[in-house]
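> For reference, the file structure-v1.pdb (PDB, C-alpha atoms) is included below:
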ATOM      1  CA  MET A  11       0.000   0.000   0.000
ATOM      2  CA  GLU A  12       2.838   2.390   0.771
ATOM      3  CA  GLU A  13       3.973   2.463  -2.859
ATOM      4  CA  THR A  14       0.397   3.197  -3.951
ATOM      5  CA  ILE A  15       0.177   6.067  -1.481
ATOM      6  CA  ARG A  16       3.456   7.545  -2.739
ATOM      7  CA  ASP A  17       2.147   7.327  -6.325
ATOM      8  CA  LEU A  18      -1.077   9.080  -5.341
ATOM      9  CA  HIS A  19       0.838  11.788  -3.509
ATOM     10  CA  ARG A  20       2.690  12.651  -6.729
ATOM     11  CA  MET A  21      -0.571  13.780  -8.362
ATOM     12  CA  GLN A  22      -0.877  17.566  -8.386
ATOM     13  CA  LEU A  23      -4.230  17.804  -6.585
ATOM     14  CA  LEU A  24      -3.436  15.066  -4.055
ATOM     15  CA  SER A  25       0.093  16.294  -3.306
ATOM     16  CA  VAL A  26      -1.232  18.894  -0.853
ATOM     17  CA  LEU A  27      -2.831  16.198   1.324
ATOM     18  CA  PRO A  28      -0.922  14.378   4.071
ATOM     19  CA  GLN A  29      -0.052  10.824   3.090
ATOM     20  CA  GLY A  30      -1.793   9.662   6.248
ATOM     21  CA  GLU A  31      -5.107  10.993   4.899
ATOM     22  CA  LEU A  32      -4.659   9.011   1.693
ATOM     23  CA  ARG A  33      -3.789   5.875   3.650
ATOM     24  CA  GLN A  34      -6.806   6.248   5.924
ATOM     25  CA  GLY A  35      -9.116   6.827   2.970
ATOM     26  CA  LEU A  36      -7.939   3.683   1.197
ATOM     27  CA  GLU A  37      -8.329   1.661   4.389
ATOM     28  CA  ASP A  38     -11.882   2.822   5.134
ATOM     29  CA  ARG A  39     -12.760   2.771   1.398
ATOM     30  CA  THR A  40     -13.824   6.400   1.178
ATOM     31  CA  LEU A  41     -11.037   6.449  -1.437
ATOM     32  CA  THR A  42     -11.166   3.625  -3.994
ATOM     33  CA  LEU A  43      -8.929   2.647  -6.901
ATOM     34  CA  ARG A  44     -10.765   1.521 -10.034
ATOM     35  CA  SER A  45      -9.653   0.496 -13.539
ATOM     36  CA  PHE A  46     -11.375   0.610 -16.949
ATOM     37  CA  GLU A  47     -10.293  -1.124 -20.135
ATOM     38  CA  LYS A  48     -10.107   0.691 -23.483
ATOM     39  CA  GLN A  49     -13.588   1.511 -24.871
ATOM     40  CA  ASN A  50     -15.266   0.851 -21.503
ATOM     41  CA  ILE A  51     -17.906   3.355 -20.436
ATOM     42  CA  VAL A  52     -16.649   5.232 -17.380
ATOM     43  CA  HIS A  53     -19.896   7.164 -16.889
ATOM     44  CA  PHE A  54     -23.148   7.048 -18.850
ATOM     45  CA  SER A  55     -25.079  10.108 -19.954
ATOM     46  CA  GLY A  56     -27.748  10.705 -17.298
ATOM     47  CA  GLU A  57     -25.842   8.797 -14.590
ATOM     48  CA  LYS A  58     -25.906  10.437 -11.161
ATOM     49  CA  CYS A  59     -22.535  11.804 -10.039
ATOM     50  CA  THR A  60     -21.856  10.561  -6.498
ATOM     51  CA  ARG A  61     -18.072  10.849  -6.310
ATOM     52  CA  LEU A  62     -15.053  12.645  -7.714
ATOM     53  CA  ASP A  63     -12.767  10.704 -10.056
ATOM     54  CA  VAL A  64      -9.082  11.637 -10.232
ATOM     55  CA  ILE A  65      -7.487  10.159 -13.372
ATOM     56  CA  LEU A  66      -4.261   8.445 -12.346
ATOM     57  CA  SER A  67      -3.328   7.066 -15.776
ATOM     58  CA  GLY A  68      -4.795   6.742 -19.268
ATOM     59  CA  GLU A  69      -7.188   8.981 -21.178
ATOM     60  CA  VAL A  70     -10.954   9.394 -21.448
ATOM     61  CA  ALA A  71     -13.208  11.254 -23.896
ATOM     62  CA  VAL A  72     -16.417  13.151 -23.230
ATOM     63  CA  GLU A  73     -18.776  12.294 -26.090
ATOM     64  CA  ARG A  74     -22.272  13.117 -27.260
ATOM     65  CA  ILE A  75     -24.481  12.023 -30.149
ATOM     66  CA  ASP A  76     -26.208  14.834 -32.046
ATOM     67  CA  ALA A  77     -29.676  14.798 -33.581
ATOM     68  CA  SER A  78     -28.282  13.289 -36.793
ATOM     69  CA  GLY A  79     -26.669  10.394 -34.962
ATOM     70  CA  ASN A  80     -23.116  11.716 -35.312
ATOM     71  CA  LEU A  81     -20.703  11.016 -32.456
ATOM     72  CA  MET A  82     -18.913  14.165 -31.300
ATOM     73  CA  SER A  83     -15.902  14.123 -28.985
ATOM     74  CA  ILE A  84     -16.281  17.226 -26.826
ATOM     75  CA  ALA A  85     -13.148  16.990 -24.716
ATOM     76  CA  GLU A  86     -10.390  14.639 -23.620
ATOM     77  CA  PHE A  87      -9.085  14.192 -20.090
ATOM     78  CA  ALA A  88      -5.879  12.467 -19.005
ATOM     79  CA  GLU A  89      -3.593  11.892 -16.022
ATOM     80  CA  GLY A  90      -4.191  14.423 -13.250
ATOM     81  CA  ASP A  91      -7.585  15.544 -14.577
ATOM     82  CA  LEU A  92     -10.842  15.307 -12.636
ATOM     83  CA  LEU A  93     -14.219  13.828 -13.594
ATOM     84  CA  GLY A  94     -17.433  14.974 -11.945
ATOM     85  CA  GLY A  95     -15.878  17.886 -10.116
ATOM     86  CA  ASN A  96     -18.299  20.391 -11.616
ATOM     87  CA  LEU A  97     -21.322  18.169 -10.908
ATOM     88  CA  LEU A  98     -20.806  16.625  -7.499
ATOM     89  CA  PHE A  99     -22.274  19.452  -5.414
ATOM     90  CA  SER A 100     -24.871  20.509  -7.981
ATOM     91  CA  ARG A 101     -28.615  20.277  -7.332
ATOM     92  CA  THR A 102     -28.808  18.239 -10.538
ATOM     93  CA  PRO A 103     -25.669  16.071 -10.311
ATOM     94  CA  TYR A 104     -26.105  14.045 -13.496
ATOM     95  CA  TYR A 105     -23.558  13.500 -16.250
ATOM     96  CA  PRO A 106     -24.876  15.287 -19.367
ATOM     97  CA  MET A 107     -22.658  13.235 -21.716
ATOM     98  CA  THR A 108     -21.037   9.814 -21.884
ATOM     99  CA  ILE A 109     -17.430   9.407 -20.766
ATOM    100  CA  THR A 110     -15.482   6.627 -22.489
ATOM    101  CA  ALA A 111     -12.018   5.203 -21.848
ATOM    102  CA  VAL A 112      -9.773   5.968 -24.837
ATOM    103  CA  SER A 113      -7.061   3.749 -23.365
ATOM    104  CA  LYS A 114      -6.767   1.648 -20.233
ATOM    105  CA  VAL A 115      -7.607   4.007 -17.376
ATOM    106  CA  GLN A 116      -7.106   3.985 -13.626
ATOM    107  CA  VAL A 117      -8.938   6.444 -11.398
ATOM    108  CA  LEU A 118      -9.095   7.267  -7.719
ATOM    109  CA  GLU A 119     -12.718   7.605  -6.613
ATOM    110  CA  ILE A 120     -13.358   9.989  -3.707
ATOM    111  CA  GLU A 121     -16.786   9.783  -2.058
ATOM    112  CA  ARG A 122     -18.746  13.027  -1.865
ATOM    113  CA  GLU A 123     -18.773  13.304   1.923
ATOM    114  CA  LYS A 124     -15.078  12.414   2.133
ATOM    115  CA  LEU A 125     -14.288  15.139  -0.386
ATOM    116  CA  PHE A 126     -16.310  17.670   1.586
ATOM    117  CA  SER A 127     -14.423  16.658   4.738
ATOM    118  CA  LEU A 128     -11.079  17.165   2.977
ATOM    119  CA  PHE A 129     -12.186  20.625   1.857
ATOM    120  CA  ALA A 130     -13.012  21.549   5.449
ATOM    121  CA  ASP A 131      -9.721  20.258   6.845
ATOM    122  CA  PHE A 132      -7.259  21.304   4.132
ATOM    123  CA  GLY A 133      -7.668  24.784   2.672
ATOM    124  CA  GLU A 134      -4.928  24.367   0.068
ATOM    125  CA  PHE A 135      -6.669  21.263  -1.255
ATOM    126  CA  LEU A 136      -9.915  23.236  -1.633
ATOM    127  CA  ARG A 137      -8.053  26.051  -3.417
ATOM    128  CA  SER A 138      -6.455  23.635  -5.919
ATOM    129  CA  TYR A 139      -9.799  21.972  -6.559
ATOM    130  CA  LEU A 140     -11.604  25.265  -7.227
ATOM    131  CA  GLU A 141      -8.830  26.481  -9.528
ATOM    132  CA  TYR A 142      -9.034  23.299 -11.571
ATOM    133  CA  ILE A 143     -12.840  23.377 -11.832
ATOM    134  CA  SER A 144     -12.888  27.041 -12.848
ATOM    135  CA  ASP A 145     -10.185  26.651 -15.513
ATOM    136  CA  HIS A 146     -11.700  23.543 -17.100
ATOM    137  CA  ALA A 147     -15.260  24.858 -17.103
ATOM    138  CA  ALA A 148     -14.012  27.705 -19.324
ATOM    139  CA  ILE A 149     -12.124  25.294 -21.611
ATOM    140  CA  LEU A 150     -15.151  23.043 -22.085
ATOM    141  CA  GLY A 151     -17.413  26.026 -22.730
ATOM    142  CA  ASP A 152     -15.029  27.332 -25.392
ATOM    143  CA  ARG A 153     -14.900  23.905 -27.030
ATOM    144  CA  LEU A 154     -18.683  23.692 -27.297
ATOM    145  CA  GLN A 155     -18.957  27.247 -28.598
ATOM    146  CA  ASN A 156     -16.198  26.712 -31.150
ATOM    147  CA  TYR A 157     -17.707  23.667 -32.844
ATOM    148  CA  ALA A 158     -21.458  23.966 -32.308
ATOM    149  CA  ASN A 159     -23.471  24.973 -35.381
ATOM    150  CA  ARG A 160     -20.406  25.492 -37.595
ATOM    151  CA  SER A 161     -19.864  24.035 -41.047
ATOM    152  CA  ILE A 162     -17.278  21.302 -41.547
ATOM    153  CA  ARG A 163     -15.073  23.756 -43.435
ATOM    154  CA  GLU A 164     -15.212  26.258 -40.590
ATOM    155  CA  CYS A 165     -14.351  23.520 -38.081
ATOM    156  CA  VAL A 166     -11.392  22.387 -40.198
ATOM    157  CA  MET A 167     -10.052  25.922 -40.614
ATOM    158  CA  MET A 168     -10.373  26.633 -36.891
ATOM    159  CA  TYR A 169      -8.629  23.373 -36.056
ATOM    160  CA  LEU A 170      -5.801  24.071 -38.523
ATOM    161  CA  GLU A 171      -5.332  27.593 -37.190
ATOM    162  CA  SER A 172      -5.129  26.303 -33.623
ATOM    163  CA  GLU A 173      -2.721  23.481 -34.501
ATOM    164  CA  SER A 174      -0.591  25.779 -36.682
ATOM    165  CA  LYS A 175      -0.022  28.050 -33.700
ATOM    166  CA  ARG A 176       0.676  25.103 -31.422
ATOM    167  CA  GLN A 177       3.051  23.336 -33.827
ATOM    168  CA  LYS A 178       4.506  26.635 -35.126
ATOM    169  CA  THR A 179       4.244  25.605 -38.784
ATOM    170  CA  ASP A 180       1.761  25.719 -41.675
ATOM    171  CA  TYR A 181       2.218  21.972 -42.160
ATOM    172  CA  ILE A 182       0.139  20.412 -39.420
ATOM    173  CA  GLU A 183       1.025  16.871 -38.473
ATOM    174  CA  LEU A 184      -2.081  14.897 -37.584
ATOM    175  CA  ALA A 185      -1.636  13.061 -34.305
ATOM    176  CA  ILE A 186      -5.105  11.517 -34.629
ATOM    177  CA  SER A 187      -6.893   9.599 -37.379
ATOM    178  CA  LYS A 188      -9.421  11.175 -39.744
ATOM    179  CA  LYS A 189     -12.089   9.151 -37.959
ATOM    180  CA  ALA A 190     -11.100  10.696 -34.625
ATOM    181  CA  LEU A 191     -10.933  14.151 -36.213
ATOM    182  CA  ALA A 192     -14.428  13.664 -37.643
ATOM    183  CA  GLU A 193     -15.697  12.683 -34.193
ATOM    184  CA  LYS A 194     -14.107  15.833 -32.780
ATOM    185  CA  PHE A 195     -16.191  17.881 -35.240
ATOM    186  CA  GLY A 196     -19.305  15.749 -34.738
ATOM    187  CA  VAL A 197     -19.544  14.599 -38.379
ATOM    188  CA  GLN A 198     -19.165  11.381 -40.340
ATOM    189  CA  ARG A 199     -15.686  10.449 -41.582
ATOM    190  CA  THR A 200     -16.938  10.353 -45.193
ATOM    191  CA  SER A 201     -18.344  13.886 -44.836
ATOM    192  CA  LEU A 202     -15.007  15.148 -43.550
ATOM    193  CA  SER A 203     -13.120  13.427 -46.392
ATOM    194  CA  ARG A 204     -15.424  15.017 -48.997
ATOM    195  CA  GLU A 205     -14.956  18.473 -47.480
ATOM    196  CA  LEU A 206     -11.167  18.074 -47.359
ATOM    197  CA  ALA A 207     -11.210  17.129 -51.057
ATOM    198  CA  LYS A 208     -13.307  20.246 -51.839
ATOM    199  CA  MET A 209     -10.931  22.442 -49.833
ATOM    200  CA  ARG A 210      -7.985  21.047 -51.778
ATOM    201  CA  ARG A 211      -9.754  21.755 -55.086
ATOM    202  CA  ASP A 212     -10.496  25.283 -53.855
ATOM    203  CA  GLY A 213      -6.784  25.813 -53.184
ATOM    204  CA  LEU A 214      -7.154  26.176 -49.405
ATOM    205  CA  ILE A 215      -5.121  23.174 -48.317
ATOM    206  CA  GLU A 216      -2.840  20.365 -49.403
ATOM    207  CA  TYR A 217      -2.709  17.090 -47.504
ATOM    208  CA  ASP A 218      -1.140  13.667 -47.420
ATOM    209  CA  ALA A 219      -1.370  10.651 -45.135
ATOM    210  CA  LYS A 220       0.529  12.360 -42.328
ATOM    211  CA  GLY A 221      -0.738  15.919 -42.277
ATOM    212  CA  ILE A 222      -2.309  19.010 -43.811
ATOM    213  CA  ARG A 223      -0.700  22.192 -45.134
ATOM    214  CA  ARG A 224      -2.566  25.483 -45.109
ATOM    215  CA  LEU A 225      -2.162  27.518 -48.324
TER     216      LEU A 225
END
Please render this file's structure as structure tokens.


Amino acid sequence: MEETIRDLHRMQLLSVLPQGELRQGLEDRTLTLRSFEKQNIVHFSGEKCTRLDVILSGEVAVERIDASGNLMSIAEFAEGDLLGGNLLFSRTPYYPMTITAVSKVQVLEIEREKLFSLFADFGEFLRSYLEYISDHAAILGDRLQNYANRSIRECVMMYLESESKRQKTDYIELAISKKALAEKFGVQRTSLSRELAKMRRDGLIEYDAKGIRRL
């Protein structure tokens, strides 16, 4: 158990807690370790949020299906991120979207009352929690605003502009598949491929198997 506690204490949010608190929580099961295999559902849309999940390893995606049946990946969360933090103390604590494991995932589950107790006892822990929730609420809101009700071409151009700034080049290497990129925009892969072909004919882009160049 001691090695597990040391690993937990390396996580940014948990590092401000005494190791004794982590040990006690694991012993009385107010803190629980849980694993999910790739493609497992971590939380269903409409599921009641009763605990905070701290992602210890792996990656998950927040997904929704639009009125046309298209799967849209809204956001991705990885090691050190939190799930349910913005819902747990809400009057309507239900997950609005499905959360799926993109890879094998391990999380630390913290029961609601245990979390509230930690807030009361450790002010720095509460501060770190609130900072995280505030920052990520803004990120998720921007993501929804950026892609909702936009054409595929607009989504592609916004994505390329963002990645061009991040990669510091007009040739954007694609770290994800076209299928995953289509899911990010909430469209079918075939629809994205058709639009990319049109954009190439219109002289806006060039692309190959590894990336896209803005013209």

> Please provide the set of residues having any atom within 12 Å of Gly56 in chain A, restricted to all atoms listed in the file, with same-chain residues fewer than 6 positions apart removed, written as a tab-separated table (two decimals) with C-alpha atoms, in the frame of the given file.


chain	number	residue	atom	x	y	z
A	74	ARG	CA	-22.27	13.12	-27.26
A	97	LEU	CA	-21.32	18.17	-10.91
A	102	THR	CA	-28.81	18.24	-10.54
A	103	PRO	CA	-25.67	16.07	-10.31
A	104	TYR	CA	-26.10	14.04	-13.50
A	105	TYR	CA	-23.56	13.50	-16.25
A	106	PRO	CA	-24.88	15.29	-19.37
A	107	MET	CA	-22.66	13.24	-21.72
A	108	THR	CA	-21.04	9.81	-21.88
A	109	ILE	CA	-17.43	9.41	-20.77

> Write out as a list in words each polymer residue whose atoms come within 12 Å of Thr200 in chain A, counting all atoms listed in the file; drop sequence neighbours fewer than 5 positions from it.

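These residues fall inside the cut-off: Asn80, Ile162, Lys188, Lys189, Leu191, Ala192, Glu193, Glu205, Leu206 and Ala207 of chain A.
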
> Any idea what's packed within 10 Å of Arg61 in chain A, counting all atoms listed in the file, ignoring anything in its chain fewer than 4 positions away? Could you give it as a list of chain:residue names?

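Once the adjacent positions are removed, what remains is A:Thr40, A:Leu41, A:Leu93, A:Gly94, A:Gly95, A:Leu97, A:Leu98, A:Phe99, A:Leu118, A:Glu119, A:Ile120, A:Glu121, A:Arg122, A:Glu123, A:Lys124, A:Leu125.
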
> Taking 2 positions as the minimum chain separation for residues in the same chain, which residues sit within 9 Å of range 180-187 of chain A when counting all atoms listed in the file? Answer as a list of chain:residue names.

A:Leu170, A:Glu171, A:Glu173, A:Ser174, A:Lys175, A:Gln177, A:Lys178, A:Lys189, A:Ala190, A:Leu191, A:Ala192, A:Glu216, A:Tyr217, A:Ala219, A:Lys220, A:Gly221, A:Ile222, A:Arg223, A:Arg224, A:Leu225

> Report as JSON, numbers by chain all protein, DNA and RNA residues lying within 6 Å of range 20-27 of chain A, evaluated on only C-alpha atoms, omitting residues in the same chain fewer than 2 positions from it.

{"A": [17, 18, 135]}

> So what does the PyMOL selection byres ((chain A and resi 111) around 6) actually pick up in this one, as an mmCIF file with C-alpha atoms, keeping the file's coordinate frame?


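And here's out_24.cif as it stands now:
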data_model
loop_
_atom_site.group_PDB
_atom_site.id
_atom_site.type_symbol
_atom_site.label_atom_id
_atom_site.label_comp_id
_atom_site.auth_asym_id
_atom_site.auth_seq_id
_atom_site.Cartn_x
_atom_site.Cartn_y
_atom_site.Cartn_z
ATOM 1 C CA LYS A 48 -10.107 0.691 -23.483
ATOM 2 C CA GLN A 49 -13.588 1.511 -24.871
ATOM 3 C CA ASN A 50 -15.266 0.851 -21.503
ATOM 4 C CA VAL A 70 -10.954 9.394 -21.448
ATOM 5 C CA THR A 110 -15.482 6.627 -22.489
ATOM 6 C CA VAL A 112 -9.773 5.968 -24.837
ATOM 7 C CA SER A 113 -7.061 3.749 -23.365
#
